[in-house]
>>> print(open('final-v1.tsv').read())   # TSV, C-alpha atoms and all ligand atoms
chain	number	residue	atom	x	y	z
A	625	MET	CA	25.18	18.84	24.96
A	626	PRO	CA	24.13	19.07	21.28
A	627	ALA	CA	21.16	17.01	20.12
A	628	ASN	CA	22.84	15.82	16.86
A	629	LEU	CA	19.58	15.05	15.12
A	630	THR	CA	19.75	12.82	12.04
A	631	PRO	CA	18.34	13.66	8.58
A	632	GLN	CA	15.73	10.89	9.09
A	633	TYR	CA	14.58	12.62	12.23
A	634	ARG	CA	14.37	15.96	10.42
A	635	LEU	CA	12.26	14.31	7.75
A	636	ALA	CA	9.86	12.86	10.30
A	637	GLU	CA	9.70	16.27	11.94
A	638	GLN	CA	8.82	17.81	8.60
A	639	TRP	CA	6.03	15.24	8.21
A	640	TYR	CA	4.79	16.19	11.61
A	641	LYS	CA	4.72	19.88	10.78
A	642	GLN	CA	2.91	19.24	7.52
A	643	ALA	CA	0.40	16.85	9.05
A	644	THR	CA	-3.12	18.24	9.02
A	645	THR	CA	-5.00	15.49	10.83
A	646	LEU	CA	-4.50	13.91	14.24
A	647	PRO	CA	-3.78	10.39	12.98
A	648	GLU	CA	-1.09	11.81	10.70
A	649	LYS	CA	0.40	13.85	13.51
A	650	ILE	CA	0.46	10.85	15.83
A	651	ASP	CA	1.99	8.75	13.12
A	652	ALA	CA	4.75	11.25	12.45
A	653	LEU	CA	5.40	11.73	16.17
A	654	ARG	CA	5.67	7.97	16.64
A	655	ASP	CA	8.34	7.93	13.92
A	656	MET	CA	10.17	10.83	15.55
A	657	MET	CA	10.13	9.08	18.91
A	658	ALA	CA	11.40	5.87	17.38
A	659	ILE	CA	14.36	7.40	15.58
A	660	ILE	CA	15.44	10.26	17.83
A	661	PRO	CA	18.98	9.60	19.11
A	662	LYS	CA	18.70	8.54	22.73
A	663	HIS	CA	21.33	10.37	24.77
A	664	LYS	CA	21.57	13.14	27.33
A	665	GLY	CA	21.45	15.89	24.69
A	666	THR	CA	17.95	14.91	23.56
A	667	GLU	CA	16.43	14.31	26.98
A	668	HIS	CA	14.23	17.42	27.01
A	669	LEU	CA	13.28	16.99	23.41
A	670	ARG	CA	12.15	13.42	24.07
A	671	ALA	CA	10.10	14.50	27.07
A	672	GLY	CA	8.49	17.14	24.87
A	673	LEU	CA	7.60	14.57	22.22
A	674	ARG	CA	6.05	12.31	24.84
A	675	SER	CA	3.84	15.03	26.23
A	676	ARG	CA	2.84	16.14	22.75
A	677	MET	CA	1.94	12.56	21.94
A	678	SER	CA	-0.29	12.20	24.96
A	679	LYS	CA	-1.96	15.51	24.10
A	680	HIS	CA	-2.73	14.34	20.55
A	681	VAL	CA	-3.94	10.94	21.71
A	682	HIS	CA	-6.20	12.69	24.18
A	683	GLU	CA	-7.55	14.94	21.41
A	684	LEU	CA	-8.17	11.94	19.22
A	685	GLU	CA	-10.06	10.12	21.94
A	686	ASN	CA	-12.04	13.24	22.89
A	687	PRO	CA	-12.98	14.76	19.54
A	688	LYS	CA	-14.72	17.78	21.10
A	689	GLY	CA	-12.33	20.69	20.71
A	690	SER	CA	-9.85	18.68	18.67
A	691	VAL	CA	-8.00	20.22	15.76
A	692	GLY	CA	-7.47	19.32	12.13
A	693	GLY	CA	-11.07	18.78	11.06
A	694	GLY	CA	-12.30	19.12	7.51
A	695	THR	CA	-9.76	16.75	5.93
A	696	GLN	CA	-11.76	13.58	6.44
A	697	PRO	CA	-11.86	12.51	2.77
A	698	PHE	CA	-8.10	11.99	2.90
A	699	ASN	CA	-8.22	9.61	5.88
A	700	ILE	CA	-9.20	6.44	4.16
A	701	ARG	CA	-9.71	3.38	6.30
A	702	LYS	CA	-8.03	0.34	4.81
A	703	GLU	CA	-10.41	-2.27	3.47
A	704	GLY	CA	-9.88	-5.58	1.72
A	705	ILE	CA	-6.48	-7.25	1.74
A	706	GLY	CA	-4.44	-4.13	0.97
A	707	GLN	CA	-4.53	-0.51	-0.09
A	708	SER	CA	-3.13	0.59	-3.45
A	709	VAL	CA	-2.91	4.13	-4.70
A	710	LEU	CA	-2.84	5.48	-8.26
A	711	ILE	CA	-0.10	8.04	-8.76
A	712	GLY	CA	0.30	9.93	-11.99
A	713	LEU	CA	0.35	13.29	-13.61
A	714	ALA	CA	-2.95	14.97	-14.38
A	715	ASN	CA	-4.76	13.52	-17.39
A	716	SER	CA	-2.92	10.19	-17.43
A	717	GLY	CA	-6.26	8.42	-16.91
A	718	LYS	CA	-6.26	7.60	-13.18
A	719	SER	CA	-9.94	8.36	-12.60
A	720	GLU	CA	-10.96	6.52	-15.72
A	721	LEU	CA	-8.90	3.51	-14.57
A	722	LEU	CA	-10.48	3.59	-11.13
A	723	ASN	CA	-13.91	3.55	-12.76
A	724	ALA	CA	-13.01	0.74	-15.13
A	725	LEU	CA	-11.34	-1.41	-12.48
A	726	THR	CA	-13.79	-0.96	-9.62
A	727	GLY	CA	-17.10	-0.01	-11.24
A	728	MET	CA	-17.08	3.39	-9.54
A	729	HIS	CA	-18.25	6.59	-11.18
A	730	ALA	CA	-15.49	9.09	-10.50
A	731	LYS	CA	-15.43	12.27	-12.54
A	732	VAL	CA	-13.25	12.03	-15.65
A	733	GLY	CA	-12.05	15.09	-17.47
A	734	ASP	CA	-10.10	16.17	-20.48
A	735	TYR	CA	-8.67	19.01	-18.46
A	736	GLN	CA	-6.21	19.02	-15.58
A	737	PHE	CA	-7.02	18.64	-11.88
A	738	THR	CA	-10.51	17.18	-12.24
A	739	THR	CA	-10.15	15.17	-9.05
A	740	GLN	CA	-9.86	17.24	-5.90
A	741	ILE	CA	-10.80	14.70	-3.27
A	742	PRO	CA	-9.80	11.05	-3.41
A	743	ASN	CA	-12.00	8.51	-5.16
A	744	VAL	CA	-12.03	5.07	-3.60
A	745	GLY	CA	-13.10	1.70	-4.97
A	746	MET	CA	-12.45	-2.01	-4.58
A	747	ILE	CA	-10.90	-4.32	-7.17
A	748	GLN	CA	-12.17	-7.87	-7.05
A	749	PHE	CA	-9.39	-10.40	-7.66
A	750	GLU	CA	-10.70	-13.95	-7.56
A	751	ASN	CA	-11.96	-14.34	-3.98
A	752	VAL	CA	-10.29	-11.26	-2.43
A	753	ARG	CA	-10.72	-7.52	-2.73
A	754	ILE	CA	-8.02	-4.85	-3.00
A	755	GLN	CA	-8.67	-1.21	-2.22
A	756	LEU	CA	-7.82	1.29	-4.94
A	757	ILE	CA	-7.52	5.03	-4.35
A	758	ASP	CA	-7.37	7.79	-6.94
A	759	PRO	CA	-6.16	10.89	-5.10
A	760	PRO	CA	-5.90	14.38	-6.55
A	761	SER	CA	-2.83	14.82	-8.74
A	762	LEU	CA	0.46	15.35	-6.94
A	763	GLU	CA	0.90	18.77	-8.51
A	764	PHE	CA	-2.40	20.17	-7.23
A	765	PRO	CA	-1.21	22.76	-4.67
A	766	ASP	CA	-4.24	22.90	-2.36
A	767	THR	CA	-4.20	19.20	-1.50
A	768	LYS	CA	-0.51	18.42	-1.83
A	769	THR	CA	0.10	17.83	1.87
A	770	GLN	CA	-2.95	15.63	2.34
A	771	VAL	CA	-2.08	13.59	-0.73
A	772	TYR	CA	1.40	12.90	0.60
A	773	GLY	CA	-0.09	11.82	3.90
A	774	LEU	CA	-2.48	9.54	2.09
A	775	ILE	CA	0.08	7.85	-0.14
A	776	ARG	CA	2.45	7.43	2.77
A	777	ASN	CA	-0.14	5.26	4.43
A	778	ALA	CA	-0.84	3.15	1.32
A	779	ASP	CA	0.61	-0.34	0.91
A	780	ILE	CA	1.56	-0.11	-2.75
A	781	PHE	CA	1.98	2.51	-5.46
A	782	ILE	CA	0.61	2.22	-8.98
A	783	PHE	CA	2.23	4.71	-11.33
A	784	VAL	CA	-0.05	5.65	-14.20
A	785	VAL	CA	1.72	6.97	-17.28
A	786	ASP	CA	0.20	8.13	-20.53
A	787	LEU	CA	1.30	6.42	-23.75
A	788	THR	CA	0.23	9.42	-25.85
A	789	THR	CA	3.08	11.43	-24.33
A	790	ASP	CA	6.63	10.63	-23.19
A	791	ALA	CA	5.70	7.89	-20.73
A	792	THR	CA	9.30	7.16	-19.75
A	793	LYS	CA	9.85	10.78	-18.79
A	794	GLN	CA	6.59	10.70	-16.79
A	795	ALA	CA	7.76	7.65	-14.85
A	796	GLU	CA	11.14	9.26	-14.23
A	797	ASP	CA	9.45	12.45	-13.03
A	798	LEU	CA	7.18	10.51	-10.65
A	799	CYS	CA	10.18	8.72	-9.16
A	800	ALA	CA	12.03	12.02	-8.77
A	801	ILE	CA	9.09	13.85	-7.16
A	802	LEU	CA	8.44	11.03	-4.70
A	803	GLU	CA	12.12	10.70	-3.86
A	804	THR	CA	12.29	14.34	-2.85
A	805	TYR	CA	9.57	13.53	-0.34
A	806	GLY	CA	11.62	10.75	1.13
A	807	PHE	CA	10.02	7.77	-0.62
A	808	ASP	CA	12.14	4.91	-1.79
A	809	PHE	CA	11.14	1.96	-4.01
A	810	TYR	CA	11.61	-1.78	-4.01
A	811	GLU	CA	13.00	-2.90	-7.34
A	812	CYS	CA	11.94	-6.17	-9.00
A	813	SER	CA	15.07	-7.97	-7.86
A	814	GLN	CA	14.70	-7.06	-4.18
A	815	GLY	CA	12.74	-8.79	-1.47
A	816	VAL	CA	10.60	-6.80	0.96
A	817	THR	CA	12.81	-6.93	4.01
A	818	ASP	CA	13.35	-3.29	4.86
A	819	ASP	CA	12.28	-2.23	8.33
A	820	ASN	CA	11.24	1.26	7.25
A	821	LYS	CA	8.34	-0.13	5.24
A	822	ARG	CA	6.22	2.98	5.45
A	823	LEU	CA	8.46	5.05	3.23
A	824	LYS	CA	9.73	2.24	1.04
A	825	LYS	CA	7.06	1.21	-1.44
A	826	MET	CA	6.38	-1.49	-3.98
A	827	VAL	CA	5.68	0.10	-7.34
A	828	SER	CA	4.03	-1.13	-10.50
A	829	ILE	CA	3.41	0.87	-13.65
A	830	LEU	CA	0.26	1.00	-15.71
A	831	ALA	CA	1.00	2.34	-19.18
A	832	ASN	CA	-2.41	3.68	-20.09
A	833	LYS	CA	-4.08	4.72	-23.39
A	834	TRP	CA	-2.57	1.71	-25.20
A	835	ASP	CA	-5.32	2.17	-27.79
A	836	SER	CA	-3.71	5.41	-29.01
A	837	GLU	CA	-1.71	5.84	-32.18
A	838	GLY	CA	2.03	5.54	-31.68
A	839	ALA	CA	1.60	3.91	-28.27
A	840	ALA	CA	3.71	0.88	-29.26
A	841	VAL	CA	6.85	2.96	-29.75
A	842	VAL	CA	6.41	4.76	-26.44
A	843	TRP	CA	5.77	1.43	-24.70
A	844	LYS	CA	8.99	-0.10	-26.09
A	845	GLN	CA	11.01	2.78	-24.70
A	846	LEU	CA	9.26	2.50	-21.31
A	847	GLU	CA	9.96	-1.23	-21.22
A	848	ARG	CA	13.64	-0.65	-21.94
A	849	SER	CA	13.97	1.93	-19.15
A	850	PHE	CA	11.74	0.45	-16.47
A	851	GLY	CA	11.05	-3.17	-17.38
A	852	SER	CA	13.72	-4.55	-15.10
A	853	ARG	CA	12.84	-2.24	-12.19
A	854	PHE	CA	9.06	-2.49	-11.79
A	855	PRO	CA	6.26	-4.71	-13.13
A	856	LEU	CA	4.71	-3.02	-16.18
A	857	LEU	CA	1.29	-3.48	-17.71
A	858	ARG	CA	-0.30	-1.94	-20.80
A	859	THR	CA	-3.87	-0.78	-20.26
A	860	SER	CA	-6.65	0.88	-22.16
A	861	CYS	CA	-9.86	2.08	-20.61
A	862	LEU	CA	-11.28	2.37	-24.11
A	863	ASP	CA	-10.89	-1.23	-25.28
A	864	GLY	CA	-10.20	-2.90	-21.92
A	865	THR	CA	-6.65	-4.11	-22.67
A	866	GLY	CA	-4.82	-5.27	-19.56
A	867	LEU	CA	-7.57	-4.43	-17.08
A	868	ASP	CA	-8.17	-8.09	-16.20
A	869	ASN	CA	-4.53	-8.50	-15.19
A	870	VAL	CA	-4.32	-5.60	-12.74
A	871	GLY	CA	-5.79	-7.52	-9.77
A	872	GLN	CA	-3.31	-10.36	-10.17
A	873	MET	CA	-0.39	-7.93	-10.39
A	874	LEU	CA	-1.47	-6.07	-7.24
A	875	PHE	CA	-2.09	-9.30	-5.35
A	876	LYS	CA	1.45	-10.41	-6.14
A	877	GLN	CA	2.87	-7.07	-5.05
A	878	LEU	CA	1.01	-7.09	-1.77
A	879	GLY	CA	2.88	-10.27	-0.88
A	880	ARG	CA	-0.18	-11.95	0.59
A	881	MET	CA	-1.37	-15.53	0.42
A	882	ARG	CA	-4.72	-17.24	0.84
A	883	ILE	CA	-5.14	-20.20	3.13
A	884	TYR	CA	-8.29	-22.31	3.30
A	885	THR	CA	-9.50	-24.26	6.26
A	886	ARG	CA	-10.82	-27.76	6.05
A	887	MET	CA	-13.37	-29.03	8.55
A	888	SER	CA	-13.10	-32.52	9.98
A	889	THR	CA	-16.11	-33.29	7.77
A	890	GLY	CA	-13.87	-32.66	4.74
A	891	ASN	CA	-15.64	-29.42	3.75
A	892	VAL	CA	-13.40	-26.56	2.60
A	893	ASP	CA	-14.54	-22.93	2.71
A	894	TYR	CA	-13.13	-21.52	-0.55
A	895	GLN	CA	-15.13	-18.29	-0.32
A	896	ASN	CA	-13.48	-16.92	2.82
A	897	PRO	CA	-9.74	-17.46	2.72
A	898	ILE	CA	-7.54	-16.50	5.63
A	899	VAL	CA	-5.27	-13.86	4.09
A	900	LEU	CA	-1.76	-13.80	5.55
A	901	GLU	CA	1.58	-12.24	4.68
A	902	GLN	CA	3.90	-14.49	2.73
A	903	GLY	CA	6.14	-16.43	5.08
A	904	SER	CA	3.34	-17.03	7.60
A	905	THR	CA	3.04	-20.36	9.36
A	906	VAL	CA	0.37	-22.84	10.41
A	907	SER	CA	0.17	-21.21	13.83
A	908	ASP	CA	-0.30	-17.74	12.23
A	909	ALA	CA	-3.26	-19.16	10.34
A	910	GLY	CA	-4.58	-20.65	13.57
A	911	GLU	CA	-4.22	-17.36	15.40
A	912	ARG	CA	-6.32	-15.65	12.75
A	913	LEU	CA	-9.18	-18.02	13.56
A	914	HIS	CA	-8.83	-17.62	17.28
A	915	LYS	CA	-6.17	-16.08	19.57
A	916	LYS	CA	-5.81	-19.25	21.58
A	917	TRP	CA	-4.98	-21.19	18.41
A	918	LYS	CA	-1.60	-19.45	18.10
A	919	THR	CA	-0.16	-21.91	20.56
A	920	GLY	CA	-3.18	-24.20	20.67
A	921	VAL	CA	-2.43	-25.69	17.26
A	922	LYS	CA	-0.26	-28.81	17.63
A	923	TYR	CA	-0.08	-29.77	13.98
A	924	ALA	CA	-2.01	-29.52	10.73
A	925	SER	CA	-2.93	-31.78	7.89
A	926	LEU	CA	-1.98	-30.06	4.66
A	927	TRP	CA	-3.26	-30.13	1.08
A	928	GLY	CA	-1.31	-28.07	-1.44
A	929	SER	CA	2.35	-27.29	-0.92
A	930	GLY	CA	3.06	-30.54	0.95
A	931	LYS	CA	4.71	-33.65	-0.48
A	932	PHE	CA	1.36	-35.45	-0.54
A	933	ASP	CA	-2.26	-34.69	0.30
A	934	GLY	CA	-3.11	-34.71	3.97
A	935	GLN	CA	0.58	-34.54	4.99
A	936	ARG	CA	1.08	-33.84	8.68
A	937	VAL	CA	3.07	-30.61	9.28
A	938	SER	CA	4.15	-28.81	12.45
A	939	ARG	CA	2.78	-25.46	13.54
A	940	GLU	CA	6.02	-23.79	12.38
A	941	TYR	CA	5.46	-24.97	8.81
A	942	VAL	CA	5.57	-22.05	6.33
A	943	LEU	CA	2.45	-22.05	4.16
A	944	SER	CA	1.99	-21.16	0.47
A	945	ASP	CA	-0.84	-19.41	-1.40
A	946	GLY	CA	-3.75	-21.79	-1.91
A	947	ASP	CA	-2.83	-24.26	0.84
A	948	ILE	CA	-5.65	-26.02	2.64
A	949	VAL	CA	-5.13	-26.81	6.31
A	950	GLU	CA	-7.00	-28.89	8.83
A	951	LEU	CA	-5.86	-27.72	12.23
A	952	HIS	CA	-5.45	-30.09	15.17
A	953	SER	CA	-5.06	-29.12	18.80
B	1001	LIG	N1	-7.63	7.01	-25.55
B	1001	LIG	C1	-7.73	6.86	-24.24
B	1001	LIG	N2	-8.10	7.90	-23.44
B	1001	LIG	C2	-8.17	7.70	-22.12
B	1001	LIG	C3	-7.87	6.44	-21.52
B	1001	LIG	N3	-8.01	6.57	-20.18
B	1001	LIG	C4	-8.38	7.84	-19.96
B	1001	LIG	N4	-8.49	8.54	-21.11
B	1001	LIG	C5	-8.88	9.95	-21.29
B	1001	LIG	O1	-7.88	10.78	-20.71
B	1001	LIG	C6	-8.46	11.94	-20.11
B	1001	LIG	C7	-8.05	12.07	-18.65
B	1001	LIG	O2	-8.59	11.00	-17.91
B	1001	LIG	P1	-8.78	11.11	-16.32
B	1001	LIG	O3	-9.19	9.75	-15.87
B	1001	LIG	O4	-9.64	12.24	-15.96
B	1001	LIG	O5	-7.27	11.42	-15.89
B	1001	LIG	P2	-6.67	11.77	-14.44
B	1001	LIG	O6	-6.46	13.24	-14.43
B	1001	LIG	O7	-5.37	11.03	-14.36
B	1001	LIG	O8	-7.68	11.29	-13.43
B	1001	LIG	C8	-9.98	11.77	-20.29
B	1001	LIG	O9	-10.39	12.48	-21.42
B	1001	LIG	C9	-10.15	10.30	-20.54
B	1001	LIG	O10	-11.30	9.98	-21.27
B	1001	LIG	C10	-7.49	5.35	-22.39
B	1001	LIG	O11	-7.20	4.23	-21.99
B	1001	LIG	N5	-7.43	5.63	-23.73
B	1002	MG	MG	-8.77	12.38	-12.08
>>> encode(input="final-v1.tsv", output="structure tokens")
Amino acid sequence: MPANLTPQYRLAEQWYKQATTLPEKIDALRDMMAIIPKHKGTEHLRAGLRSRMSKHVHELENPKGSVGGGTQPFNIRKEGIGQSVLIGLANSGKSELLNALTGMHAKVGDYQFTTQIPNVGMIQFENVRIQLIDPPSLEFPDTKTQVYGLIRNADIFIFVVDLTTDATKQAEDLCAILETYGFDFYECSQGVTDDNKRLKKMVSILANKWDSEGAAVVWKQLERSFGSRFPLLRTSCLDGTGLDNVGQMLFKQLGRMRIYTRMSTGNVDYQNPIVLEQGSTVSDAGERLHKKWKTGVKYASLWGSGKFDGQRVSREYVLSDGDIVELHS
């Protein structure tokens, strides 16, 4: 009986073959196992995937003799409330932006391909931090595979285009390159409801070098072509234009909200919000404090999105960014 494998499966298989580290391999295998058609014709194949998976998991848990070493800089543990990745052609100003936004000291160059391993920093936005990664340019052949693995794992994409050149064409090229690798993008008008979240990404565009001559004309064109698709922001690392708005834009794209807890004494801890995905409820907030609170919470008193301060809401109540809750068991 023929296996009749789908294009999605073939894509996952391709990811698996290109994967250079164990976590990437396991990730790709997990995808393959999830989407492989389940019928008699794929029985052996599925058994093979299962045994390969247990082999890789074993290798991961017993690093001695494992494969795929030497690529550590591309496995970046997520920190803060989300991971964003700068994507742009060489010389668009990604490393300079990372430095300006996070206070890092990544190498900046007037020549192509300065960055050969990823630079990582954290953007502070009000009371939360967002991770920002500046990987080597997409076109750099030696690290291409690792960069694709890295961006696949990221939560959101930030396209960086250069206003001293044809920025619209750059943005179009980035879309085209990423699409050939199976990525798809949420447009401004869409909600994030897709189940294949890993390959479908939120995108925003930073139009950099706004300080340059002629930038206004290039910006207008970019706005016309992309303004209704993705959030756009003008930036300059030279005079600082737009840099203060990047954190806010990323926070919005990450679709997170901050919830504060109020003690029975009336004290509110504003420094350490509980960060949840939009759409989360009172009991989700409770669970974050302690597992038993998921069902342990009976109701909450709410300050913020309620009709009045201290309103009593059920544990199914859907919270909003900035809400303050006092949980009751
Ligand atoms: N005028 C101007 N030059 C910039 C700006 N940002 C970066 N550059 C310059 O553009 C060149 C490439 O920057 P770099 O950060 O290395 O680009 P990357 O290859 O995308 O990482 C460097 O000479 C930077 O100084 C900016 O906002 N304005
Ligand atoms: Mg660079």
>>> atom_distance(input="final-v1.tsv", atom1="CA of Asp945 (chain A)", atom2="CA of Ile883 (chain A)")
6.3 Å
>>> closest_residue(input="final-v1.tsv", among="A:Arg670, A:His952, A:Lys833, A:Arg939", to="ligand LIG 1001 (chain B)", atoms="all atoms listed in the file")
A:Lys833
>>> residues_near_ligand(input="final-v1.tsv", ligand="ligand LIG 1001 (chain B)", cutoff="9 Å", atoms="only C-alpha atoms and all ligand atoms", output="NGL selection string")
:A and (710-723 or 730-739 or 758-761 or 784-788 or 831-837 or 859-865)
>>> residues_around(input="final-v1.tsv", residues="Arg753 (chain A)", least_positions_apart="5", cutoff="9 Å", atoms="all atoms listed in the file", output="list in words")
Glu703, Gly704, Ile705, Gly706, Met746, Ile747, Gln748 and Gly871 of chain A
>>> axis_aligned_box(input="final-v1.tsv", around="region 909-917 of chain A", padding_each_side="3 Å", output="AutoDock Vina command-line options")
--center_x -6.2 --center_y -18.4 --center_z 16.0 --size_x 11.9 --size_y 11.5 --size_z 17.2
>>> residues_near_point(input="final-v1.tsv", point="(0.7, -13.4, 0.2)", cutoff="8 Å", atoms="all atoms listed in the file", output="list in words")
Phe875, Lys876, Leu878, Gly879, Arg880, Met881, Arg882, Val899, Leu900, Glu901, Gln902, Gly903, Ser944 and Asp945 of chain A
>>> closest_residue(input="final-v1.tsv", among="A:Ile754, A:Cys799, A:Ile948, A:Ala643", to="Asp779 (chain A)", atoms="only C-alpha atoms")
A:Ile754
>>> closest_residue(input="final-v1.tsv", among="A:Ala658, A:Leu629, A:Val709, A:Ile741", to="ligand MG 1002 (chain B)", atoms="only C-alpha atoms and all ligand atoms")
A:Ile741
>>> closest_residue(input="final-v1.tsv", among="A:Glu950, A:Glu796, A:Asp790, A:Glu763", to="Val842 (chain A)", atoms="only C-alpha atoms")
A:Asp790
>>> residues_around(input="final-v1.tsv", residues="Met873 (chain A)", least_positions_apart="6", cutoff="9 Å", atoms="all atoms listed in the file", output="PDB file with C-alpha atoms, in the coordinates of the input")
ATOM      1  CA  SER A 828       4.030  -1.130 -10.500  1.00  0.00           C
ATOM      2  CA  PRO A 855       6.260  -4.710 -13.130  1.00  0.00           C
ATOM      3  CA  LEU A 857       1.290  -3.480 -17.710  1.00  0.00           C
TER       4      LEU A 857
END
>>> closest_residue(input="final-v1.tsv", among="A:Gln845, A:Gln707, A:Thr630, A:Ser953", to="Ile780 (chain A)", atoms="only C-alpha atoms")
A:Gln707
>>> atom_distance(input="final-v1.tsv", atom1="CA of Met887 (chain A)", atom2="CA of Glu750 (chain A)")
22.2 Å
>>> closest_residue(input="final-v1.tsv", among="A:Lys916, A:Arg886, A:Lys664, A:Arg853", to="Val949 (chain A)", atoms="all atoms listed in the file")
A:Arg886
>>> residues_around(input="final-v1.tsv", residues="Asn751 (chain A)", least_positions_apart="6", cutoff="9 Å", atoms="all atoms listed in the file", output="list in words")
Tyr894, Gln895, Asn896 and Pro897 of chain A
>>> residues_near_point(input="final-v1.tsv", point="(-5.2, -32.9, 5.3)", cutoff="12 Å", atoms="all atoms listed in the file", output="NGL selection string")
:A and (884-892 or 923-937 or 947-952)
>>> atom_distance(input="final-v1.tsv", atom1="CA of Val942 (chain A)", atom2="CA of Val752 (chain A)")
21.1 Å
>>> residues_around(input="final-v1.tsv", residues="Ile775 (chain A)", least_positions_apart="2", cutoff="12 Å", atoms="all atoms listed in the file", output="number ranges by chain")
A: 648, 698-700, 707-711, 742, 756-762, 768-773, 777-783, 802, 805-807, 822-827
>>> decode(input="final-v1.tsv", residues="region 828-840 of chain A", atoms="N, CA, C and O atoms", output="PDB file, in the first residue's frame")
ATOM      1  N   SER A 828       6.694  42.303  12.057  1.00  0.00           N
ATOM      2  CA  SER A 828       6.633  43.759  12.005  1.00  0.00           C
ATOM      3  C   SER A 828       7.862  44.222  11.241  1.00  0.00           C
ATOM      4  O   SER A 828       8.832  43.471  11.102  1.00  0.00           O
ATOM      5  N   ILE A 829       7.794  45.439  10.718  1.00  0.00           N
ATOM      6  CA  ILE A 829       8.912  45.929   9.900  1.00  0.00           C
ATOM      7  C   ILE A 829       9.524  47.171  10.534  1.00  0.00           C
ATOM      8  O   ILE A 829       8.811  48.113  10.876  1.00  0.00           O
ATOM      9  N   LEU A 830      10.833  47.140  10.714  1.00  0.00           N
ATOM     10  CA  LEU A 830      11.551  48.338  11.099  1.00  0.00           C
ATOM     11  C   LEU A 830      12.211  48.901   9.844  1.00  0.00           C
ATOM     12  O   LEU A 830      12.986  48.214   9.179  1.00  0.00           O
ATOM     13  N   ALA A 831      11.840  50.132   9.505  1.00  0.00           N
ATOM     14  CA  ALA A 831      12.452  50.794   8.356  1.00  0.00           C
ATOM     15  C   ALA A 831      13.584  51.641   8.918  1.00  0.00           C
ATOM     16  O   ALA A 831      13.351  52.712   9.487  1.00  0.00           O
ATOM     17  N   ASN A 832      14.787  51.146   8.759  1.00  0.00           N
ATOM     18  CA  ASN A 832      15.934  51.734   9.458  1.00  0.00           C
ATOM     19  C   ASN A 832      16.694  52.738   8.568  1.00  0.00           C
ATOM     20  O   ASN A 832      16.541  52.745   7.356  1.00  0.00           O
ATOM     21  N   LYS A 833      17.509  53.556   9.221  1.00  0.00           N
ATOM     22  CA  LYS A 833      18.319  54.621   8.589  1.00  0.00           C
ATOM     23  C   LYS A 833      17.415  55.779   8.132  1.00  0.00           C
ATOM     24  O   LYS A 833      17.624  56.377   7.082  1.00  0.00           O
ATOM     25  N   TRP A 834      16.388  56.051   8.943  1.00  0.00           N
ATOM     26  CA  TRP A 834      15.447  57.147   8.683  1.00  0.00           C
ATOM     27  C   TRP A 834      16.157  58.492   8.609  1.00  0.00           C
ATOM     28  O   TRP A 834      15.656  59.446   8.016  1.00  0.00           O
ATOM     29  N   ASP A 835      17.344  58.568   9.197  1.00  0.00           N
ATOM     30  CA  ASP A 835      18.109  59.816   9.183  1.00  0.00           C
ATOM     31  C   ASP A 835      18.699  60.129   7.807  1.00  0.00           C
ATOM     32  O   ASP A 835      19.191  61.231   7.575  1.00  0.00           O
ATOM     33  N   SER A 836      18.645  59.154   6.885  1.00  0.00           N
ATOM     34  CA  SER A 836      19.347  59.344   5.608  1.00  0.00           C
ATOM     35  C   SER A 836      18.563  60.220   4.630  1.00  0.00           C
ATOM     36  O   SER A 836      17.341  60.284   4.694  1.00  0.00           O
ATOM     37  N   GLU A 837      19.291  60.801   3.721  1.00  0.00           N
ATOM     38  CA  GLU A 837      18.682  61.647   2.701  1.00  0.00           C
ATOM     39  C   GLU A 837      17.784  60.801   1.804  1.00  0.00           C
ATOM     40  O   GLU A 837      18.148  59.685   1.423  1.00  0.00           O
ATOM     41  N   GLY A 838      16.625  61.316   1.488  1.00  0.00           N
ATOM     42  CA  GLY A 838      15.728  60.602   0.574  1.00  0.00           C
ATOM     43  C   GLY A 838      14.919  59.515   1.248  1.00  0.00           C
ATOM     44  O   GLY A 838      14.091  58.848   0.607  1.00  0.00           O
ATOM     45  N   ALA A 839      15.096  59.340   2.560  1.00  0.00           N
ATOM     46  CA  ALA A 839      14.419  58.251   3.263  1.00  0.00           C
ATOM     47  C   ALA A 839      12.886  58.413   3.231  1.00  0.00           C
ATOM     48  O   ALA A 839      12.151  57.422   3.166  1.00  0.00           O
ATOM     49  N   ALA A 840      12.428  59.676   3.234  1.00  0.00           N
ATOM     50  CA  ALA A 840      10.984  59.930   3.296  1.00  0.00           C
ATOM     51  C   ALA A 840      10.250  59.333   2.094  1.00  0.00           C
ATOM     52  O   ALA A 840       9.157  58.776   2.230  1.00  0.00           O
TER      53      ALA A 840
END
